[in-house]
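Q: This is the structure, below, for whatever I ask next.
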Number of protein chains: 2
Amino acid sequence: MKATYQNLVSQIRTKKSMLCVGLDSDISKIPERFLKEQYPQFAFNHFIVDETAEFTVAYKPNLAFYESQGAKGFEELKMTVDFIRNNYPEIFLIADAKRGDIGNTSKHYAKTFFEYFDFDAVTLSPYMGEDVIKPFLEYENKWVILLGLTSNASAGAVQFFENNHGKKFFEHILSLGQEWGTPKNTMFVVGATKAEYLKDIRKAAPGNFFLVPGIGAQGGDLEAVISNGKNKDGGLLINSSRGIIFAENPKQEAKKLQNKMEKYLNFE
Amino acid sequence: MKATYQNLVSQIRTKKSMLCVGLDSDISKIPERFLKEQYPQFAFNHFIVDETAEFTVAYKPNLAFYESQGAKGFEELKMTVDFIRNNYPEIFLIADAKRGDIGNTSKHYAKTFFEYFDFDAVTLSPYMGEDVIKPFLEYENKWVILLGLTSNASAGAVQFFENNHGKKFFEHILSLGQEWGTPKNTMFVVGATKAEYLKDIRKAAPGNFFLVPGIGAQGGDLEAVISNGKNKDGGLLINSSRGIIFAENPKQEAKKLQNKMEKYLNFE
């Protein structure tokens, strides 16, 4: 299924969910029974996806956990993407890669994530400016997800750097991102632990989807995130990683989150 | 050889060179004779390194060109690193990866570049703050290279964002980077096309090495870069990629640059 804005919104309405499951499939944390398999990370992801897909609109493998396994990890990530594509074609697929380079290098990153892997979206760091995202936006029905305001403790020292009009650096990035792309191809990462900022951020970028990590393990408040951050089309993909995939019962955890989302979203 | 500050400085003095060769080994650009090999990117790198190592203090493979070949590219990069380690142990090895994540994710990136690959240094984007670099600095004799002022056209819109004291965003990053690390484990990327800024940047970060891309294809002026940017220990790694590796005679091009560096550096 093409990753159009409309298809993403339809999926959210159908499943009554904004849930994105982070496939941070750390080999040192996956249950022992998968380690006997030839492709343990893939086997684990296969299990997690089958358990959670009915409640989930997006999966977000984090590249670091595959790269640290070398070429084999890269292969298992490819198997994971192919498996989801073939069995759950409606699902939106995000590479959490936080890449950010320019020119021919950036083209090759786009090629990696949109051609070698068939992801729908990639997280990018906008430090090097518009050159970073241009090659990605040349692909139709593919997305970039720019770092905006992140959920970690040390983010403030960088992202709250403020100009003489009181505009913070991350707000400057929200403005630039909207010049570079459109709500049909550009999202922003906005951390759930910064829920108090979400109202203003939604005003500053009314049409864009936000990818919101930090629910669960990092302590973000789901109700505040949804009420402060949603727009008329939903406009949020809310990520949980460890809280679901390493839970005793991943299906139950995914269902629990979806139920809460359905409640707070108030879809008719 | 351990990648200590002292060993890097010694190598620069011995070879009378600050040359870093960028192994941007784009499969669509490497000469045809290598494409017949089972591992064409590795075979090409092997050739380039043998031709240029006597003039070179560092190699800098850019991850994008390997990732876009999938698991096989990852393997060929590993073969490249192992080959250089075993045959030219004095060489400083930089992963041009521009990663930047936090927590356990960042740990896994550090594991990728310092354990799976045995690189000495990794380029990182500081957008997410100190959390990005912490796990990397836990390794002894390993380095982070933070994006500072980059050489591309669209960088200014982000990196020149200015606070009410006239401090630019990239200058803020230079300050933060010096709080987070030391000149023994932290470098900055400073583009050669911004040579006019190099004098001030050197004043702002007197002790740190700068990795300077943008010589050659991007048009930076080598003499200005060295006279504005050097410090008492050299303090510069000056990168050329395409200008050397895709030249008709890579050895000659590397030698030419080394000769110029020797002249401008004025080592006794």
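Residues are referred to by chain and number: the chain letter is A, B, ... according to the order shown in the structure tokens, the number counts from 1 in that chain, and ligands are numbered separately from 1 in the order shown.
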Select from stretch 46-140 of chain A every residue with an atom at most 12 Å from any atom of stretch 161-170 of chain A, then for each give the shortest pair of atoms and their distance in Å to one decimal, using only C-alpha atoms, rows by chain and rising number, as a Markdown table.

A:
| residue | atom | partner | partner_atom | distance |
| --- | --- | --- | --- | --- |
| A:Ser125 | CA | A:Phe170 | CA | 11.5 |
| A:Pro126 | CA | A:Phe170 | CA | 10.2 |
| A:Tyr127 | CA | A:Phe169 | CA | 10.8 |

Q: Which neighbours of B:Glu171 fall inside 10 Å, counting only C-alpha atoms, when residues of the same chain fewer than 5 positions from it are skipped, and could you give them as a short mmCIF file (atom, residue, chain, number, x, y, z; two decimals) with N, CA and C atoms, in the first residue's frame?

A:
data_model
loop_
_atom_site.label_atom_id
_atom_site.label_comp_id
_atom_site.auth_asym_id
_atom_site.auth_seq_id
_atom_site.Cartn_x
_atom_site.Cartn_y
_atom_site.Cartn_z
N GLY B 148 30.41 20.75 13.31
CA GLY B 148 30.51 22.14 13.75
C GLY B 148 29.91 23.02 12.67
N LEU B 149 30.80 23.58 11.85
CA LEU B 149 30.36 24.39 10.71
C LEU B 149 30.64 23.58 9.44
N GLN B 159 22.98 26.57 10.93
CA GLN B 159 24.17 26.74 11.77
C GLN B 159 24.47 28.20 12.12
N PHE B 160 23.88 29.15 11.39
CA PHE B 160 24.08 30.58 11.70
C PHE B 160 22.95 31.17 12.53
N PHE B 161 22.02 30.35 12.99
CA PHE B 161 20.98 30.80 13.91
C PHE B 161 21.68 31.42 15.12
N GLU B 162 21.29 32.64 15.49
CA GLU B 162 22.13 33.46 16.35
C GLU B 162 21.40 33.87 17.63
N GLY B 166 24.91 37.59 19.75
CA GLY B 166 25.59 37.43 18.47
C GLY B 166 26.33 36.11 18.33
N LEU B 176 29.88 23.81 23.66
CA LEU B 176 29.35 22.60 24.32
C LEU B 176 30.30 21.42 24.14
N GLY B 177 30.77 21.23 22.92
CA GLY B 177 31.66 20.10 22.63
C GLY B 177 32.90 20.11 23.52
N ASP B 200 38.67 32.46 13.53
CA ASP B 200 37.85 32.63 14.74
C ASP B 200 37.53 31.28 15.38
N ILE B 201 37.30 30.28 14.54
CA ILE B 201 36.98 28.95 15.08
C ILE B 201 38.20 28.40 15.82
N ALA B 204 38.26 29.94 19.09
CA ALA B 204 37.19 29.42 19.96
C ALA B 204 37.49 28.02 20.46
N ALA B 205 38.27 27.27 19.72
CA ALA B 205 38.61 25.89 20.12
C ALA B 205 40.09 25.66 19.83
#

Q: Need to verify the contact set: A:Tyr88, 12 Å, only C-alpha atoms, exclusion of same-chain residues closer than 6 positions in sequence. Can you return it as a ChimeraX atom specification?

A: /A:1,11,46,49-50,52-59,80-82

Q: Take the residues that were just selected and, keeping N, CA and C atoms, output them as a compact mmCIF listing (two decimals), in the first residue's frame.

A:
# COMPACT_ATOMS: atom_id res chain seq x y z
N MET A 1 0.84 -1.19 0.00
CA MET A 1 0.00 0.00 0.00
C MET A 1 0.87 1.25 0.00
N GLN A 11 -5.74 4.46 8.02
CA GLN A 11 -5.33 3.37 8.90
C GLN A 11 -5.56 3.73 10.37
N HIS A 46 9.36 -11.09 13.97
CA HIS A 46 8.25 -11.83 13.37
C HIS A 46 7.18 -12.09 14.44
N VAL A 49 5.55 -8.71 15.68
CA VAL A 49 4.64 -8.13 14.68
C VAL A 49 3.34 -8.92 14.61
N ASP A 50 3.45 -10.24 14.59
CA ASP A 50 2.22 -11.06 14.57
C ASP A 50 1.34 -10.80 15.79
N THR A 52 1.17 -7.99 17.57
CA THR A 52 0.75 -6.60 17.81
C THR A 52 0.15 -5.87 16.62
N ALA A 53 0.23 -6.47 15.42
CA ALA A 53 -0.12 -5.72 14.20
C ALA A 53 -1.56 -5.19 14.21
N GLU A 54 -2.49 -5.93 14.80
CA GLU A 54 -3.89 -5.45 14.74
C GLU A 54 -4.10 -4.14 15.51
N PHE A 55 -3.19 -3.84 16.43
CA PHE A 55 -3.32 -2.62 17.25
C PHE A 55 -2.39 -1.49 16.80
N THR A 56 -1.62 -1.76 15.76
CA THR A 56 -0.46 -0.93 15.44
C THR A 56 -0.58 -0.34 14.05
N VAL A 57 -0.23 0.96 13.91
CA VAL A 57 -0.24 1.55 12.55
C VAL A 57 1.16 1.67 11.96
N ALA A 58 2.19 1.61 12.81
CA ALA A 58 3.55 1.76 12.29
C ALA A 58 4.54 0.93 13.11
N TYR A 59 5.56 0.42 12.43
CA TYR A 59 6.71 -0.17 13.12
C TYR A 59 7.94 0.68 12.83
N THR A 80 13.04 -8.51 8.16
CA THR A 80 11.94 -7.96 8.96
C THR A 80 11.05 -7.06 8.10
N VAL A 81 11.68 -6.16 7.37
CA VAL A 81 10.92 -5.23 6.53
C VAL A 81 10.13 -6.01 5.48
N ASP A 82 10.79 -6.96 4.84
CA ASP A 82 10.11 -7.75 3.80
C ASP A 82 8.92 -8.52 4.39

Q: Show which residues sit within 10 Å of A:Tyr197, as a ChimeraX atom specification. Count only C-alpha atoms, and ignore same-chain residues fewer than 3 positions away.

A: /A:149,190-194,200-202,225,228-229

Q: Keeping only C-alpha atoms, take the residues you just selected and write them out as a short mmCIF file (atom, residue, chain, number, x, y, z; two decimals), in the first residue's frame.

A:
data_model
loop_
_atom_site.label_atom_id
_atom_site.label_comp_id
_atom_site.auth_asym_id
_atom_site.auth_seq_id
_atom_site.Cartn_x
_atom_site.Cartn_y
_atom_site.Cartn_z
CA LEU A 149 12.27 18.61 20.26
CA VAL A 190 8.59 15.57 19.37
CA GLY A 191 9.32 13.86 22.68
CA ALA A 192 6.44 12.84 24.95
CA THR A 193 8.35 13.91 28.04
CA LYS A 194 7.91 17.46 26.77
CA ASP A 200 2.59 25.37 21.16
CA ILE A 201 4.35 22.98 18.83
CA ARG A 202 0.99 21.94 17.36
CA VAL A 225 0.33 14.01 24.57
CA ASN A 228 -2.13 18.69 23.43
CA GLY A 229 -0.74 17.23 20.25
#

Q: Identify every residue of chain B that has at least one atom within 8 Å of any atom of chain A, counting only C-alpha atoms, and report the result as a PyMOL selection string.

A: chain B and resi 62+64-65+67-72+74-75+97-102+105-106+108-109+111-113+116+125-131+147+150+152-159+161-164+169+173

Q: List the spatial neighbours of stretch 259-265 of chain B as an MDAnalysis selection string - criterion: any atom at most 12 Å away, only C-alpha atoms, same-chain residues fewer than 5 positions off excluded.

A: chainID B and resid 12:20 54:56 221:239 252:254

Q: Could you pull out all residues of stretch 31-214 of chain B with a DSSP call of strand (DSSP E or B) and give them as a PyMOL selection string?

A: chain B and resi 58-62+92-99+121-124+143-149+162-163+168+186-190+210-212

Q: Please save N, CA and C atoms of the selected residues as a compact mmCIF listing (two decimals), in the first residue's frame.

A:
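Result file follows (again-v3.txt):
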# COMPACT_ATOMS: atom_id res chain seq x y z
N ALA B 58 45.07 9.54 7.71
CA ALA B 58 43.76 9.01 8.10
C ALA B 58 42.96 8.57 6.87
N TYR B 59 42.16 7.52 7.05
CA TYR B 59 41.15 7.17 6.04
C TYR B 59 39.77 7.34 6.66
N LYS B 60 38.84 7.76 5.81
CA LYS B 60 37.50 8.06 6.30
C LYS B 60 36.46 7.47 5.36
N PRO B 61 36.12 6.20 5.53
CA PRO B 61 35.03 5.63 4.73
C PRO B 61 33.71 6.30 5.13
N ASN B 62 32.91 6.59 4.15
CA ASN B 62 31.59 7.16 4.42
C ASN B 62 30.56 6.04 4.37
N PHE B 92 45.04 6.49 11.21
CA PHE B 92 43.88 6.86 12.02
C PHE B 92 42.61 6.60 11.20
N LEU B 93 41.65 5.88 11.80
CA LEU B 93 40.50 5.42 11.01
C LEU B 93 39.19 6.06 11.48
N ILE B 94 38.58 6.79 10.56
CA ILE B 94 37.36 7.55 10.89
C ILE B 94 36.15 6.96 10.18
N ALA B 95 35.11 6.66 10.94
CA ALA B 95 33.82 6.28 10.33
C ALA B 95 33.02 7.56 10.11
N ASP B 96 32.81 7.92 8.85
CA ASP B 96 31.98 9.10 8.59
C ASP B 96 30.53 8.64 8.55
N ALA B 97 29.89 8.70 9.71
CA ALA B 97 28.58 8.08 9.89
C ALA B 97 27.52 9.10 10.29
N LYS B 98 27.97 10.20 10.87
CA LYS B 98 27.06 11.28 11.31
C LYS B 98 25.86 10.74 12.07
N ARG B 99 26.11 9.78 12.95
CA ARG B 99 25.06 9.26 13.81
C ARG B 99 24.76 10.26 14.90
N ALA B 121 37.52 6.67 15.39
CA ALA B 121 36.70 7.88 15.56
C ALA B 121 35.43 7.76 14.73
N VAL B 122 34.40 8.47 15.16
CA VAL B 122 33.13 8.50 14.45
C VAL B 122 32.63 9.94 14.36
N THR B 123 32.13 10.34 13.21
CA THR B 123 31.48 11.65 13.12
C THR B 123 30.07 11.54 13.70
N LEU B 124 29.68 12.55 14.50
CA LEU B 124 28.37 12.53 15.17
C LEU B 124 27.68 13.87 15.00
N TRP B 143 37.60 8.37 19.69
CA TRP B 143 37.28 9.78 19.47
C TRP B 143 35.87 9.99 18.93
N VAL B 144 35.31 11.15 19.26
CA VAL B 144 34.11 11.61 18.56
C VAL B 144 34.48 12.85 17.75
N ILE B 145 33.82 12.99 16.61
CA ILE B 145 34.05 14.17 15.76
C ILE B 145 32.69 14.82 15.53
N LEU B 146 32.45 15.94 16.23
CA LEU B 146 31.12 16.57 16.20
C LEU B 146 30.98 17.51 15.01
N LEU B 147 29.84 17.49 14.36
CA LEU B 147 29.56 18.48 13.33
C LEU B 147 29.66 19.87 13.95
N GLY B 148 30.41 20.75 13.31
CA GLY B 148 30.51 22.14 13.75
C GLY B 148 29.91 23.02 12.67
N LEU B 149 30.80 23.58 11.85
CA LEU B 149 30.36 24.39 10.71
C LEU B 149 30.64 23.58 9.44
N GLU B 162 21.29 32.64 15.49
CA GLU B 162 22.13 33.46 16.35
C GLU B 162 21.40 33.87 17.63
N ASN B 163 22.07 33.81 18.76
CA ASN B 163 21.42 34.27 20.00
C ASN B 163 21.60 35.78 20.19
N LYS B 168 26.59 32.41 17.23
CA LYS B 168 25.91 31.56 16.26
C LYS B 168 25.76 30.13 16.81
N THR B 186 37.93 14.59 21.38
CA THR B 186 36.85 15.29 20.67
C THR B 186 37.40 16.20 19.58
N MET B 187 36.92 16.00 18.36
CA MET B 187 37.26 16.89 17.24
C MET B 187 35.97 17.54 16.74
N PHE B 188 36.14 18.50 15.84
CA PHE B 188 34.99 19.14 15.19
C PHE B 188 35.14 19.08 13.67
N VAL B 189 34.01 18.96 12.99
CA VAL B 189 33.99 19.08 11.53
C VAL B 189 33.86 20.56 11.18
N VAL B 190 34.81 21.08 10.42
CA VAL B 190 34.76 22.47 9.97
C VAL B 190 35.06 22.49 8.47
N PHE B 210 40.49 19.66 14.04
CA PHE B 210 39.35 19.87 13.14
C PHE B 210 39.48 18.89 11.97
N LEU B 211 38.39 18.26 11.64
CA LEU B 211 38.31 17.47 10.41
C LEU B 211 37.73 18.39 9.34
N VAL B 212 38.51 18.63 8.29
CA VAL B 212 38.14 19.63 7.30
C VAL B 212 37.84 18.99 5.94

Q: Looking at only C-alpha atoms, which of B:Val21, B:Glu32, B:Leu137, B:Glu196 is the one that sits closest to B:Glu51?

A: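 Of B:Val21, B:Glu32, B:Leu137, B:Glu196, the one nearest B:Glu51, counting only C-alpha atoms, is B:Val21.
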
Q: Between atom CA of A:Ala43 and atom CA of B:Met79, what distance in Å does the model show, to one decimal?

A: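 Computed distance, atom CA of A:Ala43 to atom CA of B:Met79, equals 27.7 Å.
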